[in-house]
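Structure record follows, encoded as structure tokens.
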Amino acid sequence: MQIFPAIDLRNGEVVRLIQGDYDRMDVYAKDPVEIALQFRAQGAQNLHVVDLDGAKDGRLVNEQAVRRIVKDSGLFVEIGGGIRDEERILRYLDAGVGRVILGTVAVENYAFVEDMVYRYGDKIAVSVDARDQKIAIKGWKEITEIDSVAFCSRLADTGVQTIIYTDISKDGGLQGTNLDIYRVLSARVKADIVASGGISYMQEIASLREMGLYGAILGKVLYENKLSLKEVLAESRKGNGSC
């Protein structure tokens, strides 16, 4: 199973929100490259980056920070937040980003997702963020009536290879993730599912791996030193020898 330490960017700094609330934010570092290098030193090969300003306002506020992370860390970087047109996709791919994540636009303009997947294949992922299995958009500020599992199935049928699913009620709380929803997704959705939101315990890593999930994103649990990234990576490799 792939492990993606997370870097959330706001005004160029490394931060974490609690349940997507921009008014409940902890700042962990001024320089995101320093954090990326720390993750690499602990054995990480991947990095999940979110432009929180972009997610909220639809602008690529932190593009230069992302470019520095890609250039200096040498990690496989996936990036999301405010990516709502092809020009922005191309800017990130040109910067060396390995995978670009679409969020709000996937809900508001599904034809765009179809077109981008046709053009760029597995370099396009979709983030499905949900509360009570209803999709949230625009930086989690709006909750729709769209069923998140059905939407994931539709994405897979369209050809989206990687889906990042976040239960936002669990995000940032350090109280555990929603294992039940990942069991449903692993059974019903024919795509690579990445678990995100609230992962707090080593047993959850083991459970997600045993479900056959493609990956897991870890954020606050690493910044608060509740889990060791080295130990998480070791757990993720069990059974198949990969990380």
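Every chain in the structure tokens takes a letter, A first, then B, and so on in the order presented; its residues are numbered from 1, and the ligands are numbered from 1 following the presented order.
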
What are the closest atom pairs, with distances in Å to one decimal, for each residue of region 76-166 of chain A lying within 8 Å of region 36-54 of chain A, using only C-alpha atoms, rows by chain and rising residue number, as a Markdown table?
```
| residue | atom | partner | partner_atom | distance |
| --- | --- | --- | --- | --- |
| A:Phe76 | CA | A:Asn46 | CA | 4.6 |
| A:Val77 | CA | A:Leu47 | CA | 4.8 |
| A:Glu78 | CA | A:His48 | CA | 5.2 |
| A:Ile79 | CA | A:Val49 | CA | 4.8 |
| A:Gly80 | CA | A:Val50 | CA | 4.9 |
| A:Gly81 | CA | A:Asp51 | CA | 4.7 |
| A:Gly82 | CA | A:Gly54 | CA | 3.9 |
| A:Ile83 | CA | A:Gly54 | CA | 7.4 |
| A:Gly139 | CA | A:Leu52 | CA | 7.3 |
```

Written selection (N, CA, C and O atoms) as a short mmCIF file (atom, residue, chain, number, x, y, z; two decimals), in the first residue's frame:
```cif
data_model
loop_
_atom_site.label_atom_id
_atom_site.label_comp_id
_atom_site.auth_asym_id
_atom_site.auth_seq_id
_atom_site.Cartn_x
_atom_site.Cartn_y
_atom_site.Cartn_z
N PHE A 76 7.52 11.64 -5.45
CA PHE A 76 6.35 11.64 -6.33
C PHE A 76 5.30 12.52 -5.64
O PHE A 76 4.85 12.22 -4.54
N VAL A 77 4.92 13.59 -6.31
CA VAL A 77 4.01 14.56 -5.71
C VAL A 77 2.68 14.56 -6.44
O VAL A 77 2.63 14.66 -7.67
N GLU A 78 1.60 14.45 -5.66
CA GLU A 78 0.27 14.69 -6.21
C GLU A 78 -0.25 15.96 -5.58
O GLU A 78 0.01 16.25 -4.42
N ILE A 79 -0.99 16.76 -6.38
CA ILE A 79 -1.41 18.08 -5.93
C ILE A 79 -2.87 18.32 -6.23
O ILE A 79 -3.34 17.98 -7.32
N GLY A 80 -3.56 18.90 -5.28
CA GLY A 80 -4.95 19.29 -5.47
C GLY A 80 -5.22 20.63 -4.83
O GLY A 80 -4.41 21.15 -4.05
N GLY A 81 -6.36 21.21 -5.20
CA GLY A 81 -6.75 22.49 -4.62
C GLY A 81 -6.84 23.57 -5.67
O GLY A 81 -5.81 24.08 -6.12
N GLY A 82 -8.04 23.90 -6.10
CA GLY A 82 -8.23 25.00 -7.04
C GLY A 82 -7.89 24.70 -8.48
O GLY A 82 -7.73 25.61 -9.29
N ILE A 83 -7.77 23.42 -8.83
CA ILE A 83 -7.41 23.05 -10.21
C ILE A 83 -8.71 22.84 -10.98
O ILE A 83 -9.34 21.79 -10.87
N GLY A 139 -13.81 23.72 -1.11
CA GLY A 139 -13.09 23.75 0.16
C GLY A 139 -13.92 23.25 1.31
O GLY A 139 -13.73 23.70 2.45
#
```

Do you know which residues are at most 6 Å from region 181-193 of chain A counting only C-alpha atoms, after dropping those on the same chain fewer than 5 positions away, and could you put them as an MDAnalysis selection string?
chainID A and resid 153 156 161:164 213:214

Can you pull out every residue within 12 Å of Asp85 (chain A), counting only C-alpha atoms, but drop anything in the same chain fewer than 6 positions away, and send it as a ChimeraX atom specification?
/A:58-60,91-92,100-106,109,111-113,115-116

Could you give me, as a PyMOL selection string, the residues within 12 Å of Asp94 (chain A), counting only C-alpha atoms and dropping anything in the same chain fewer than 3 positions from it?
chain A and resi 63+66-67+70-71+87-91+97-100+123

Go ahead and save the picked residues with all heavy atoms, as a compact mmCIF listing (two decimals), in the first residue's frame.
```txt
# COMPACT_ATOMS: atom_id res chain seq x y z
N GLU A 63 1.42 28.03 -6.05
CA GLU A 63 2.09 27.32 -7.15
C GLU A 63 3.61 27.31 -6.99
O GLU A 63 4.26 26.28 -7.22
CB GLU A 63 1.73 27.95 -8.49
CG GLU A 63 2.40 27.25 -9.67
CD GLU A 63 2.12 27.92 -11.00
OE1 GLU A 63 1.29 28.85 -11.04
OE2 GLU A 63 2.74 27.50 -12.00
N VAL A 66 4.73 24.80 -4.50
CA VAL A 66 4.62 23.44 -5.04
C VAL A 66 5.79 23.14 -5.95
O VAL A 66 6.39 22.05 -5.90
CB VAL A 66 3.29 23.25 -5.78
CG1 VAL A 66 3.24 21.90 -6.47
CG2 VAL A 66 2.12 23.40 -4.81
N ARG A 67 6.14 24.09 -6.80
CA ARG A 67 7.30 23.89 -7.69
C ARG A 67 8.57 23.64 -6.90
O ARG A 67 9.38 22.78 -7.26
CB ARG A 67 7.46 25.11 -8.62
CG ARG A 67 6.40 25.20 -9.71
CD ARG A 67 6.61 26.41 -10.60
NE ARG A 67 5.66 26.40 -11.70
CZ ARG A 67 5.88 25.79 -12.88
NH1 ARG A 67 7.04 25.19 -13.09
NH2 ARG A 67 4.97 25.82 -13.83
N VAL A 70 8.50 20.00 -5.48
CA VAL A 70 8.79 19.00 -6.51
C VAL A 70 10.27 18.99 -6.85
O VAL A 70 10.91 17.93 -6.90
CB VAL A 70 7.94 19.28 -7.77
CG1 VAL A 70 8.39 18.37 -8.91
CG2 VAL A 70 6.46 19.09 -7.48
N LYS A 71 10.82 20.16 -7.06
CA LYS A 71 12.21 20.27 -7.49
C LYS A 71 13.19 19.79 -6.42
O LYS A 71 14.15 19.07 -6.72
CB LYS A 71 12.52 21.73 -7.85
CG LYS A 71 13.96 21.99 -8.29
CD LYS A 71 14.13 23.44 -8.69
CE LYS A 71 15.56 23.73 -9.13
NZ LYS A 71 16.53 23.63 -8.01
N GLU A 87 -5.33 24.63 -18.22
CA GLU A 87 -4.10 25.40 -18.09
C GLU A 87 -3.40 25.12 -16.77
O GLU A 87 -2.17 24.95 -16.71
CB GLU A 87 -4.39 26.90 -18.21
CG GLU A 87 -3.14 27.77 -18.03
CD GLU A 87 -3.44 29.25 -18.00
OE1 GLU A 87 -4.62 29.63 -18.18
OE2 GLU A 87 -2.50 30.03 -17.78
N ARG A 88 -4.16 25.02 -15.70
CA ARG A 88 -3.57 24.77 -14.39
C ARG A 88 -3.02 23.34 -14.30
O ARG A 88 -1.97 23.12 -13.70
CB ARG A 88 -4.61 25.01 -13.30
CG ARG A 88 -5.15 26.42 -13.31
CD ARG A 88 -6.21 26.65 -12.25
NE ARG A 88 -6.94 27.88 -12.53
CZ ARG A 88 -7.67 28.53 -11.64
NH1 ARG A 88 -7.78 28.06 -10.41
NH2 ARG A 88 -8.32 29.62 -11.96
N ILE A 89 -3.72 22.42 -14.92
CA ILE A 89 -3.19 21.05 -14.99
C ILE A 89 -1.84 21.04 -15.69
O ILE A 89 -0.87 20.44 -15.20
CB ILE A 89 -4.19 20.13 -15.71
CG1 ILE A 89 -5.44 19.94 -14.87
CG2 ILE A 89 -3.54 18.78 -16.04
CD1 ILE A 89 -6.56 19.21 -15.57
N LEU A 90 -1.76 21.70 -16.81
CA LEU A 90 -0.52 21.72 -17.58
C LEU A 90 0.60 22.41 -16.82
O LEU A 90 1.75 21.99 -16.90
CB LEU A 90 -0.76 22.40 -18.93
CG LEU A 90 -1.61 21.60 -19.92
CD1 LEU A 90 -1.94 22.44 -21.14
CD2 LEU A 90 -0.89 20.33 -20.34
N ARG A 91 0.27 23.45 -16.08
CA ARG A 91 1.31 24.15 -15.29
C ARG A 91 1.92 23.22 -14.26
O ARG A 91 3.14 23.19 -14.06
CB ARG A 91 0.72 25.39 -14.62
CG ARG A 91 0.41 26.52 -15.58
CD ARG A 91 -0.37 27.62 -14.87
NE ARG A 91 0.49 28.39 -14.00
CZ ARG A 91 1.06 29.55 -14.33
NH1 ARG A 91 0.87 30.04 -15.54
NH2 ARG A 91 1.80 30.20 -13.47
N VAL A 97 4.92 17.60 -11.34
CA VAL A 97 3.96 16.91 -10.48
C VAL A 97 3.56 15.60 -11.14
O VAL A 97 3.34 15.53 -12.35
CB VAL A 97 2.72 17.80 -10.25
CG1 VAL A 97 1.58 17.01 -9.66
CG2 VAL A 97 3.09 18.97 -9.35
N GLY A 98 3.45 14.54 -10.35
CA GLY A 98 3.14 13.22 -10.90
C GLY A 98 1.67 12.98 -11.15
O GLY A 98 1.29 12.21 -12.04
N ARG A 99 0.82 13.66 -10.35
CA ARG A 99 -0.62 13.44 -10.48
C ARG A 99 -1.33 14.70 -10.02
O ARG A 99 -0.99 15.27 -8.98
CB ARG A 99 -1.04 12.23 -9.64
CG ARG A 99 -2.48 11.79 -9.83
CD ARG A 99 -2.67 10.32 -9.45
NE ARG A 99 -2.18 10.01 -8.12
CZ ARG A 99 -1.50 8.89 -7.82
NH1 ARG A 99 -1.23 7.99 -8.73
NH2 ARG A 99 -1.10 8.67 -6.58
N VAL A 100 -2.31 15.11 -10.80
CA VAL A 100 -3.10 16.31 -10.50
C VAL A 100 -4.49 15.87 -10.05
O VAL A 100 -5.12 15.03 -10.69
CB VAL A 100 -3.19 17.23 -11.73
CG1 VAL A 100 -4.08 18.42 -11.44
CG2 VAL A 100 -1.80 17.69 -12.15
N LYS A 123 -2.55 10.51 -14.92
CA LYS A 123 -2.05 11.72 -14.28
C LYS A 123 -3.18 12.55 -13.67
O LYS A 123 -2.92 13.55 -12.99
CB LYS A 123 -1.23 12.56 -15.26
CG LYS A 123 0.07 11.90 -15.68
CD LYS A 123 0.91 12.82 -16.53
CE LYS A 123 2.21 12.13 -16.96
NZ LYS A 123 3.06 11.79 -15.81
```

Just give me the gap between CA of Lys138 (chain A) and CA of Thr158 (chain A) in Å, one decimal is fine.
22.4 Å

Quick one: residues within 7 Å of region 199-206 of chain A, only C-alpha atoms, excluding same-chain residues fewer than 6 positions away - as a ChimeraX atom specification?
/A:174-177,218,221,232,235-236

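With only C-alpha atoms as the atoms that count, the minimum distance from Ser169 (chain A) to the choices A:Gly219, A:Arg10, A:Leu17, A:Ser73 is reached by A:Leu17.
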
Using DSSP secondary structure from the backbone, list all strand (DSSP E) positions within region 30-151 of chain A, as an NGL selection string.
:A and (46-51 or 76-80 or 99-102 or 124-131 or 134-137 or 142-147)

Export of prior selection with C-alpha atoms as an mmCIF file, in the first residue's frame:
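Just written: part22.cif:
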```cif
data_model
loop_
_atom_site.group_PDB
_atom_site.id
_atom_site.type_symbol
_atom_site.label_atom_id
_atom_site.label_comp_id
_atom_site.auth_asym_id
_atom_site.auth_seq_id
_atom_site.Cartn_x
_atom_site.Cartn_y
_atom_site.Cartn_z
ATOM 1 C CA ASN A 46 5.235 9.991 -2.152
ATOM 2 C CA LEU A 47 3.745 13.288 -1.071
ATOM 3 C CA HIS A 48 0.167 14.571 -1.061
ATOM 4 C CA VAL A 49 -0.035 18.357 -1.367
ATOM 5 C CA VAL A 50 -3.137 20.535 -1.093
ATOM 6 C CA ASP A 51 -3.333 24.223 -1.962
ATOM 7 C CA PHE A 76 6.346 11.640 -6.325
ATOM 8 C CA VAL A 77 4.005 14.565 -5.708
ATOM 9 C CA GLU A 78 0.267 14.686 -6.213
ATOM 10 C CA ILE A 79 -1.405 18.082 -5.934
ATOM 11 C CA GLY A 80 -4.946 19.287 -5.468
ATOM 12 C CA ARG A 99 -0.616 13.440 -10.478
ATOM 13 C CA VAL A 100 -3.098 16.310 -10.501
ATOM 14 C CA ILE A 101 -6.212 16.033 -8.343
ATOM 15 C CA LEU A 102 -9.550 17.457 -9.415
ATOM 16 C CA ILE A 124 -5.568 12.793 -13.355
ATOM 17 C CA ALA A 125 -7.055 11.816 -9.991
ATOM 18 C CA VAL A 126 -10.288 12.933 -8.372
ATOM 19 C CA SER A 127 -10.795 13.857 -4.741
ATOM 20 C CA VAL A 128 -14.186 12.903 -3.328
ATOM 21 C CA ASP A 129 -14.769 14.635 -0.007
ATOM 22 C CA ALA A 130 -17.898 13.701 1.895
ATOM 23 C CA ARG A 131 -19.838 14.201 5.092
ATOM 24 C CA LYS A 134 -22.793 13.402 0.701
ATOM 25 C CA ILE A 135 -20.178 15.152 -1.414
ATOM 26 C CA ALA A 136 -18.695 18.443 -0.193
ATOM 27 C CA ILE A 137 -17.239 21.010 -2.602
ATOM 28 C CA GLU A 142 -20.854 23.392 0.455
ATOM 29 C CA ILE A 143 -22.515 20.008 1.020
ATOM 30 C CA THR A 144 -24.386 18.602 -1.982
ATOM 31 C CA GLU A 145 -27.015 15.868 -2.168
ATOM 32 C CA ILE A 146 -24.773 13.678 -4.345
ATOM 33 C CA ASP A 147 -24.121 10.198 -2.998
#
```

Could you pull out all residues of region 8-241 of chain A with a DSSP call of alpha helix (DSSP H) and give them as a PyMOL selection string?
chain A and resi 32-41+52-57+63-73+86-94+104-108+110-120+148-158+179-188+202-211+220-223+229-237

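For the pair CA of Gly212 (chain A) and CA of Tyr110 (chain A), the interatomic distance is 27.6 Å.
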